[in-house]
Every structure is written in C-alpha cells, then in structure tokens.
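Below is one structure, written out as structure tokens, with a few remarks after it.
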Amino acid sequence: MKQVSQPQGTRDFTADTIYKRDYIFQTIRQVFERHGFEPLETPAMENLDTLMGKYGEEGDQLIFKILNNGLDNPAKQEKARQDFEKILEGKNSSTITERALKYDLTIPFARFVAMHHHRLTFPFKRYQMQPVWRADRPQKGRYREFYQCDADIVGSYSLLNEVDLALIYATVFKQLQLKVSICINHRKLLNALANSCLVPNEVSIITNAIDKLDKIGIEKVKALLSEKGFSETAIQTTENYLAISGNNTEKIGQLKKMFAQDQEGLTGIADLEFILSRLPADIPLIVDPSLARGLNYYTGTIFEVKAIDVKMGSIGGGGRYDDLTGLFGVPGIPGVGISFGVDRIFDVMESLQLFNEDLQYGTRLLFFHTGDEETKTILPIMQLLREKEIACELYQEPVKFEKQFKYAEKKRIPFIAIIGSQEMAGQTCVIKHLVSGKQQTIPQNEIASYLANF
C-alpha cells in the first residue's frame, strides 16, 4: 500500500497549532489596525509576467509555476510537447504556463496599486495576511508554503512611515513576549559601497553576496565576489565595510567617514539618523551595515528582525521601494513596508514555550449524554449558552461516564455538565471544573453566570 503524505515543505495544522497561530495573527492584526492600516487580499496566483524579474535571478528560480489547463485538445498537446523543451532549457512558454503562485505579498500589492491607483486615497495603508509559496529546499524554519503578514504604506516619501513601521515591529514582539533585534540599513549605503568598489552597476552582486554573510561567513563572501570578477581592492573595501561595528552612534560615524565623498551614501546615513532620532529610547533598533535584503526592488531603508534566544533565520523584514508600481506602467508612487514571518515566529515561540497553556478557543463546556429524554432539556440550554458566546457541546452517544470524561480530558474541555432525571426535576445542573476538581450544583438558568465568574 502506498504511503500517504502531503507535499514536501507543507504541513497539516491541528487545533492546538491553529489556536496558537490565531493568537499570533490576532496580535499582529490588532496592532496593524491601531496604526491605521486596512485589510486587503489578493489571489493565490498571479500572471507569470507579474512576478518574473522582480526578485532577482535566485528569487525567480523559486517561483512555483502553474501548468495551463485545457490541454486535452490534440493540437494543444502537440504544441505543448514542443514548448516543453523550452521549459527544460530554463525558458518560459505561455503554452505550458502563464500563471504562478505568489512568491510574496509585495509584488501582488504593487500590481493592485497600479491597477487601482486612480480610486485609492493616498497615502494608502494596507495590511495583508495570506500564504505565499516558494520552491525552496525545505529545512528548519524554511517551508514551501507559509504565511506572511505585511503592512505597507504607498504614496508617501516621508520617513515618518519608517518610524511607524519600526514601532509596529517593537509593539507586536513586545506583546508576544518575544525578544528580538530589529536591524536597519539603507540601500543607498550599499549603492555607495558599489561606487567605492568601482562597480556601480553591480550592486545586486554585492547585495546577494552580503545577504549570505550569516550563512557562509566572510571568507566565502569574498570568494563569491572574486568569482564574479571583483578586484582585490574592491573585495578589501567590502570587507572593511562589513567590519564596521560598535553602537549606533559609532557605526554612523564610521559610515560617514567611509562615504564622506559619496552623496548617495550620505543621504542614506541622514535617513537613518532621522529615523533613529524619532524613536523612543526603548525601541531596540540596531544599525547593521551588513544587512542587505537581496530583493532587487528596495531603494531606501531596509529592515530585518531576528529572534535573540533562538537560532533561526529572519522572522521579519521589509524596506522602502520608491518605484515598484513603475514596473507595471504607473511610475511615481513611493512605498515602504514590513512583513512578519508567522511560521517562523510560531516555531520560535513554541521552542521558547511562550504560548499560554490555557490558550484555547474551542469547547468550554461538555454536557454528558444521560439519556434521550434529558437531551430534550439540554439542547435548548446549549442554544441559549451559545447565544451568550459560550462554546458548548453534547456528547453524542449514551455511553459510560468514564468514556465521556476521557473525551473531555483529551480535548482539554475545562467544564463538564450533568443533567440527569433528578436535575431535570429540580431544574438544576451539576457542573465540574476538571482542572481543580471543584463540583457544584446550580440552577440551569445560572450556568452562564457561573462560568463567567469562575
């Protein structure tokens, strides 16, 4: 018999996991809405040309392409066979595929803005909480299907937007009781580095190499640059840049010295100083010159968040992209945004045991099945309780109490209720709290108030 499994890099979620994930989602959503963001959803799939060429060469290779349907026609099948050879060569063919699962939420959002900019009120602040897909190699903290929670502001160049987004990061992780480092850098500093290396048109090579620093170390980063034809002087300049250290003030001072003659670099430094000066002293924002964020569409500030107590990749990231809608024929709409990686946040919180043990949104009260006549009394009582937002259920079979107790314990239902013939006659109910063992007989019309005060 063939073993049943789900696709590699995907997961099934049981009730316990969903309750915990919902807690993360609700925390993030509430903070987004308190900062004035409104929700948006876009389709799971996009036209292939919407996504391709927006994430760099490595990103394009991770896009899940969807095969066209309707290939039952013999003529279409023959054409598809011919064009499949193009696919094997790494090319695209609309005969085979013209759609793809979305790689992130930012490009689909930019497509949405480009399509609807004439009726949006700018600055437009939206949040989005949906799954995305990447054909990546599955490993710890890296999945092929995962959720992102994004907040973006478009139609404004103001750096106060970056301040607002940094505050969102700090607030969410404080509420989740998760210790993090929120790092910030600026794309113009990376451009200035490319200028210093005398390769102004090769900034993407530098950012892609630097982006791997945490994984492969400085020596392999230098080797990558050497393979790309960078001179020894350029490689040494990059190493000096990555060696910048100290507190934020010290790092800013070293950056000013390094890029004293580069106006683009000085502009990036000024932006960082503005953001840092507007944040409360207790916001843990760290200037990190090694932060690159390999995506091609960033033009200004870039963010990345990492958990402090668990070895995991980034659990959040984002940045400014001041002409992303220009890719879709609508130039001149600036934007900036951040993203939360919910799946990695969940993994970190689970490993640190940060979830409340009582975190549960399921059944709160189980009525034991005591007989057919008793159910006629129990069913309307349950409906009244549900109208008062108390989740309850009736055990479906008239089995021994021991089995019904085990059912409640396994489902972690905190209260059980028993209405037998004696309780029906007295219009009472026996309620027991399974954790404490406390048991009490109360009037049936006081069940809701009893649970509320327990």
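Residues are referred to by chain and number: the chain letter is A, B, ... according to the order shown in the structure tokens, the number counts from 1 in that chain, and ligands are numbered separately from 1 in the order shown.
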
(request) Give me the residues within 12 Å of Gly371 in chain A as a ChimeraX atom specification, counting only C-alpha atoms and dropping any in the same chain fewer than 2 places off. (result) /A:367-369,373-378,394-401,418-421,424

Taking only residues of range 137-233 of chain A that have an atom at most 8 Å from an atom of range 307-323 of chain A, what is each one's shortest atom pair and its distance in Å to one decimal, using only C-alpha atoms, in chain and number order, as CSV?
```
residue,atom,partner,partner_atom,distance
A:Gly141,CA,A:Met312,CA,6.7
A:Tyr157,CA,A:Asp322,CA,7.8
A:Leu178,CA,A:Ala307,CA,7.3
A:Lys179,CA,A:Ile308,CA,5.7
A:Val180,CA,A:Ala307,CA,4.4
A:Ser181,CA,A:Ile308,CA,6.5
```

Find the residues of range 151-206 of chain A that sit at most 7 Å from range 107-125 of chain A; for each, write down the nearest two atoms and how far apart they are in Å, to one decimal. Count only C-alpha atoms. Sort by chain, then by number going up, and give it as JSON lines.
```
{"residue": "A:Asp152", "atom": "CA", "partner": "A:Lys125", "partner_atom": "CA", "distance": 5.8}
{"residue": "A:Ile153", "atom": "CA", "partner": "A:Lys125", "partner_atom": "CA", "distance": 4.5}
{"residue": "A:Val154", "atom": "CA", "partner": "A:Phe124", "partner_atom": "CA", "distance": 5.3}
{"residue": "A:Gly155", "atom": "CA", "partner": "A:Pro123", "partner_atom": "CA", "distance": 4.6}
{"residue": "A:Ser156", "atom": "CA", "partner": "A:Pro123", "partner_atom": "CA", "distance": 5.7}
```

Print the selection's residues with all heavy atoms to a file, as a PDB file, in the first residue's frame.
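Result written to out34.pdb:
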```pdb
ATOM      1  N   ASP A 152       2.006  47.871   4.525  1.00  0.00           N
ATOM      2  CA  ASP A 152       2.671  48.752   3.568  1.00  0.00           C
ATOM      3  C   ASP A 152       1.974  50.110   3.507  1.00  0.00           C
ATOM      4  O   ASP A 152       0.752  50.201   3.693  1.00  0.00           O
ATOM      5  CB  ASP A 152       2.667  48.136   2.171  1.00  0.00           C
ATOM      6  CG  ASP A 152       3.612  46.959   2.042  1.00  0.00           C
ATOM      7  OD1 ASP A 152       3.266  45.873   2.549  1.00  0.00           O
ATOM      8  OD2 ASP A 152       4.682  47.120   1.454  1.00  0.00           O
ATOM      9  N   ILE A 153       2.769  51.132   3.232  1.00  0.00           N
ATOM     10  CA  ILE A 153       2.260  52.484   3.036  1.00  0.00           C
ATOM     11  C   ILE A 153       2.765  52.955   1.673  1.00  0.00           C
ATOM     12  O   ILE A 153       3.977  52.984   1.439  1.00  0.00           O
ATOM     13  CB  ILE A 153       2.769  53.451   4.123  1.00  0.00           C
ATOM     14  CG1 ILE A 153       2.484  52.891   5.522  1.00  0.00           C
ATOM     15  CG2 ILE A 153       2.135  54.838   3.964  1.00  0.00           C
ATOM     16  CD1 ILE A 153       3.272  53.570   6.621  1.00  0.00           C
ATOM     17  N   VAL A 154       1.855  53.302   0.776  1.00  0.00           N
ATOM     18  CA  VAL A 154       2.264  53.800  -0.537  1.00  0.00           C
ATOM     19  C   VAL A 154       1.712  55.207  -0.743  1.00  0.00           C
ATOM     20  O   VAL A 154       0.677  55.577  -0.186  1.00  0.00           O
ATOM     21  CB  VAL A 154       1.786  52.877  -1.678  1.00  0.00           C
ATOM     22  CG1 VAL A 154       2.477  51.526  -1.609  1.00  0.00           C
ATOM     23  CG2 VAL A 154       0.276  52.703  -1.656  1.00  0.00           C
ATOM     24  N   GLY A 155       2.443  55.962  -1.557  1.00  0.00           N
ATOM     25  CA  GLY A 155       2.028  57.329  -1.862  1.00  0.00           C
ATOM     26  C   GLY A 155       2.639  58.368  -0.961  1.00  0.00           C
ATOM     27  O   GLY A 155       2.149  59.500  -0.891  1.00  0.00           O
ATOM     28  N   SER A 156       3.723  58.031  -0.263  1.00  0.00           N
ATOM     29  CA  SER A 156       4.360  58.982   0.651  1.00  0.00           C
ATOM     30  C   SER A 156       5.860  58.705   0.720  1.00  0.00           C
ATOM     31  O   SER A 156       6.280  57.559   0.869  1.00  0.00           O
ATOM     32  CB  SER A 156       3.760  58.884   2.050  1.00  0.00           C
ATOM     33  OG  SER A 156       4.499  59.653   2.978  1.00  0.00           O
TER      34      SER A 156
END
```

(request) Find the residue from A:Glu264, A:Leu159, A:Leu352, A:Val221 that sits nearest to Thr301 in chain A; use only C-alpha atoms when measuring. (result)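 The shortest atom-to-atom distance to Thr301 in chain A comes from A:Leu159.
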
May I have a table of the residues of range 81-190 of chain A lying at most 12 Å from range 245-258 of chain A, giving each one's closest pair of atoms and their distance in Å to one decimal, counting only C-alpha atoms, ordered by chain and ascending residue number, as a tab-separated table?
```
residue	atom	partner	partner_atom	distance
A:Cys183	CA	A:Asn248	CA	10.6
A:Ile184	CA	A:Asn248	CA	10.3
A:Asn185	CA	A:Ile252	CA	10.6
A:His186	CA	A:Leu255	CA	11.4
A:Lys188	CA	A:Leu255	CA	11.7
A:Leu189	CA	A:Leu255	CA	8.4
A:Leu190	CA	A:Leu255	CA	11.1
```

(request) Would you mind writing down, as a ChimeraX atom specification, each residue of range 350-417 of chain A that DSSP on the backbone assigns to alpha helix (DSSP H)? (result) /A:350-351,372-387,401-410

Excluding Glu350 in chain A and any residue of its chain fewer than 5 positions from it, enumerate the residues within 10 Å of it, using only C-alpha atoms, and give them as a PDB file with N, CA and C atoms, in the first residue's frame.
```
ATOM      1  N   THR A  17      -2.319  23.770  17.247  1.00  0.00           N
ATOM      2  CA  THR A  17      -1.444  24.659  16.479  1.00  0.00           C
ATOM      3  C   THR A  17      -2.223  25.845  15.933  1.00  0.00           C
ATOM      4  N   LYS A  20      -2.839  28.551  18.506  1.00  0.00           N
ATOM      5  CA  LYS A  20      -1.623  29.329  18.772  1.00  0.00           C
ATOM      6  C   LYS A  20      -1.311  30.279  17.624  1.00  0.00           C
ATOM      7  N   ARG A 344       7.763  31.118  11.152  1.00  0.00           N
ATOM      8  CA  ARG A 344       8.997  31.138  11.946  1.00  0.00           C
ATOM      9  C   ARG A 344       8.746  31.713  13.335  1.00  0.00           C
ATOM     10  N   ILE A 345       7.896  32.710  13.430  1.00  0.00           N
ATOM     11  CA  ILE A 345       7.548  33.255  14.749  1.00  0.00           C
ATOM     12  C   ILE A 345       6.928  32.162  15.608  1.00  0.00           C
ATOM     13  N   PHE A 355       3.801  30.265  24.578  1.00  0.00           N
ATOM     14  CA  PHE A 355       2.344  30.230  24.461  1.00  0.00           C
ATOM     15  C   PHE A 355       1.711  29.895  25.804  1.00  0.00           C
TER      16      PHE A 355
END
```

(request) Have a look at A:Ile416, A:Val199, A:Leu67, A:Leu285 and name the one nearest to Glu98 in chain A; count only C-alpha atoms. (result)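 The closest residue to Glu98 in chain A is A:Leu67.
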
Contact residues around Thr233 in chain A with only C-alpha atoms at 12 Å, ignoring same-chain residues under 2 positions, as a PDB file with N, CA and C atoms, in the first residue's frame:
```
ATOM      1  N   ALA A 194      29.081  49.958  -3.646  1.00  0.00           N
ATOM      2  CA  ALA A 194      29.355  49.570  -5.030  1.00  0.00           C
ATOM      3  C   ALA A 194      30.151  50.655  -5.749  1.00  0.00           C
ATOM      4  N   SER A 196      32.245  52.734  -4.314  1.00  0.00           N
ATOM      5  CA  SER A 196      33.605  52.673  -3.764  1.00  0.00           C
ATOM      6  C   SER A 196      34.396  51.515  -4.362  1.00  0.00           C
ATOM      7  N   CYS A 197      33.682  50.451  -4.727  1.00  0.00           N
ATOM      8  CA  CYS A 197      34.335  49.288  -5.342  1.00  0.00           C
ATOM      9  C   CYS A 197      34.511  49.470  -6.851  1.00  0.00           C
ATOM     10  N   LEU A 198      34.070  50.642  -7.343  1.00  0.00           N
ATOM     11  CA  LEU A 198      34.159  50.975  -8.774  1.00  0.00           C
ATOM     12  C   LEU A 198      33.336  50.015  -9.632  1.00  0.00           C
ATOM     13  N   VAL A 199      32.224  49.510  -9.033  1.00  0.00           N
ATOM     14  CA  VAL A 199      31.293  48.646  -9.783  1.00  0.00           C
ATOM     15  C   VAL A 199      29.863  49.140  -9.542  1.00  0.00           C
ATOM     16  N   LYS A 222      33.836  36.750   0.278  1.00  0.00           N
ATOM     17  CA  LYS A 222      34.956  37.270  -0.525  1.00  0.00           C
ATOM     18  C   LYS A 222      35.212  36.373  -1.730  1.00  0.00           C
ATOM     19  N   LEU A 225      32.627  37.106  -4.428  1.00  0.00           N
ATOM     20  CA  LEU A 225      32.934  38.337  -5.155  1.00  0.00           C
ATOM     21  C   LEU A 225      34.103  38.126  -6.115  1.00  0.00           C
ATOM     22  N   SER A 226      35.081  37.336  -5.686  1.00  0.00           N
ATOM     23  CA  SER A 226      36.225  37.045  -6.551  1.00  0.00           C
ATOM     24  C   SER A 226      35.774  36.284  -7.795  1.00  0.00           C
ATOM     25  N   GLY A 229      34.501  38.382 -10.487  1.00  0.00           N
ATOM     26  CA  GLY A 229      35.442  39.263 -11.152  1.00  0.00           C
ATOM     27  C   GLY A 229      35.796  40.530 -10.407  1.00  0.00           C
ATOM     28  N   PHE A 230      35.437  40.617  -9.108  1.00  0.00           N
ATOM     29  CA  PHE A 230      35.765  41.807  -8.325  1.00  0.00           C
ATOM     30  C   PHE A 230      37.276  41.840  -8.053  1.00  0.00           C
ATOM     31  N   SER A 231      37.841  43.037  -8.079  1.00  0.00           N
ATOM     32  CA  SER A 231      39.275  43.198  -7.826  1.00  0.00           C
ATOM     33  C   SER A 231      39.578  42.985  -6.349  1.00  0.00           C
ATOM     34  N   ILE A 235      37.246  43.891  -3.076  1.00  0.00           N
ATOM     35  CA  ILE A 235      36.941  42.891  -2.046  1.00  0.00           C
ATOM     36  C   ILE A 235      37.384  43.402  -0.675  1.00  0.00           C
ATOM     37  N   GLN A 236      38.538  44.044  -0.597  1.00  0.00           N
ATOM     38  CA  GLN A 236      39.016  44.589   0.668  1.00  0.00           C
ATOM     39  C   GLN A 236      38.111  45.721   1.139  1.00  0.00           C
ATOM     40  N   THR A 237      37.630  46.543   0.217  1.00  0.00           N
ATOM     41  CA  THR A 237      36.695  47.623   0.569  1.00  0.00           C
ATOM     42  C   THR A 237      35.418  47.044   1.161  1.00  0.00           C
ATOM     43  N   THR A 238      34.922  45.985   0.552  1.00  0.00           N
ATOM     44  CA  THR A 238      33.712  45.320   1.061  1.00  0.00           C
ATOM     45  C   THR A 238      33.954  44.741   2.448  1.00  0.00           C
ATOM     46  N   GLU A 239      35.121  44.126   2.648  1.00  0.00           N
ATOM     47  CA  GLU A 239      35.445  43.559   3.959  1.00  0.00           C
ATOM     48  C   GLU A 239      35.535  44.661   5.013  1.00  0.00           C
ATOM     49  N   ASN A 240      36.119  45.802   4.670  1.00  0.00           N
ATOM     50  CA  ASN A 240      36.206  46.932   5.609  1.00  0.00           C
ATOM     51  C   ASN A 240      34.812  47.437   5.977  1.00  0.00           C
TER      52      ASN A 240
END
```

(message) When you count only C-alpha atoms, which of these residues is closest to Thr363 in chain A: A:Ile338, A:Ala391, A:Leu193, A:Val435?
(response)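 Residue with the minimum atom-to-atom distance to Thr363 in chain A: A:Ala391.
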
(request) Apply DSSP to the structure's backbone, then extract all residues of range 181-403 of chain A labelled strand (DSSP E or B) and return them as an MDAnalysis selection string. (result) chainID A and resid 181:186 285:287 301:307 316:320 335:341 365:367 392:394

Surrounding residues of Arg11 in chain A excluding itself and chain neighbours under 4 positions, 10 Å, only C-alpha atoms, as a compact mmCIF listing (two decimals) with N, CA and C atoms, in the first residue's frame:
```txt
# COMPACT_ATOMS: atom_id res chain seq x y z
N SER A 5 1.12 10.93 2.11
CA SER A 5 1.88 12.05 2.65
C SER A 5 1.41 13.34 2.00
N GLN A 6 1.77 14.49 2.60
CA GLN A 6 1.49 15.77 1.99
C GLN A 6 2.71 16.23 1.18
N PRO A 7 2.57 17.22 0.30
CA PRO A 7 3.72 17.69 -0.48
C PRO A 7 4.86 18.16 0.43
N TYR A 143 9.91 26.80 4.70
CA TYR A 143 8.84 25.97 4.15
C TYR A 143 8.52 26.40 2.72
N ARG A 144 7.81 25.55 2.00
CA ARG A 144 7.40 25.89 0.64
C ARG A 144 6.05 26.59 0.61
N GLU A 145 5.29 26.43 1.65
CA GLU A 145 4.04 27.17 1.82
C GLU A 145 4.06 27.79 3.22
N PHE A 146 3.92 29.09 3.30
CA PHE A 146 3.97 29.74 4.60
C PHE A 146 3.21 31.06 4.55
```

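The two atoms in question, CA of Val305 in chain A and CA of Ile182 in chain A, are spaced 4.6 Å apart.
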
(request) For range 49-61 of chain A, work out the shell of residues within 12 Å, counting only C-alpha atoms and skipping chain neighbours fewer than 2 positions away, then give it as an MDAnalysis selection string. (result) chainID A and resid 45:47 63:65 90:94 97:112 114 133:137 203:205 207:209 293:298 321 324:329

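Residue nearest Arg412 in chain A, chosen from A:Ile381, A:Leu434, A:Leu354, A:Ala281 and counting only C-alpha atoms: A:Leu434.
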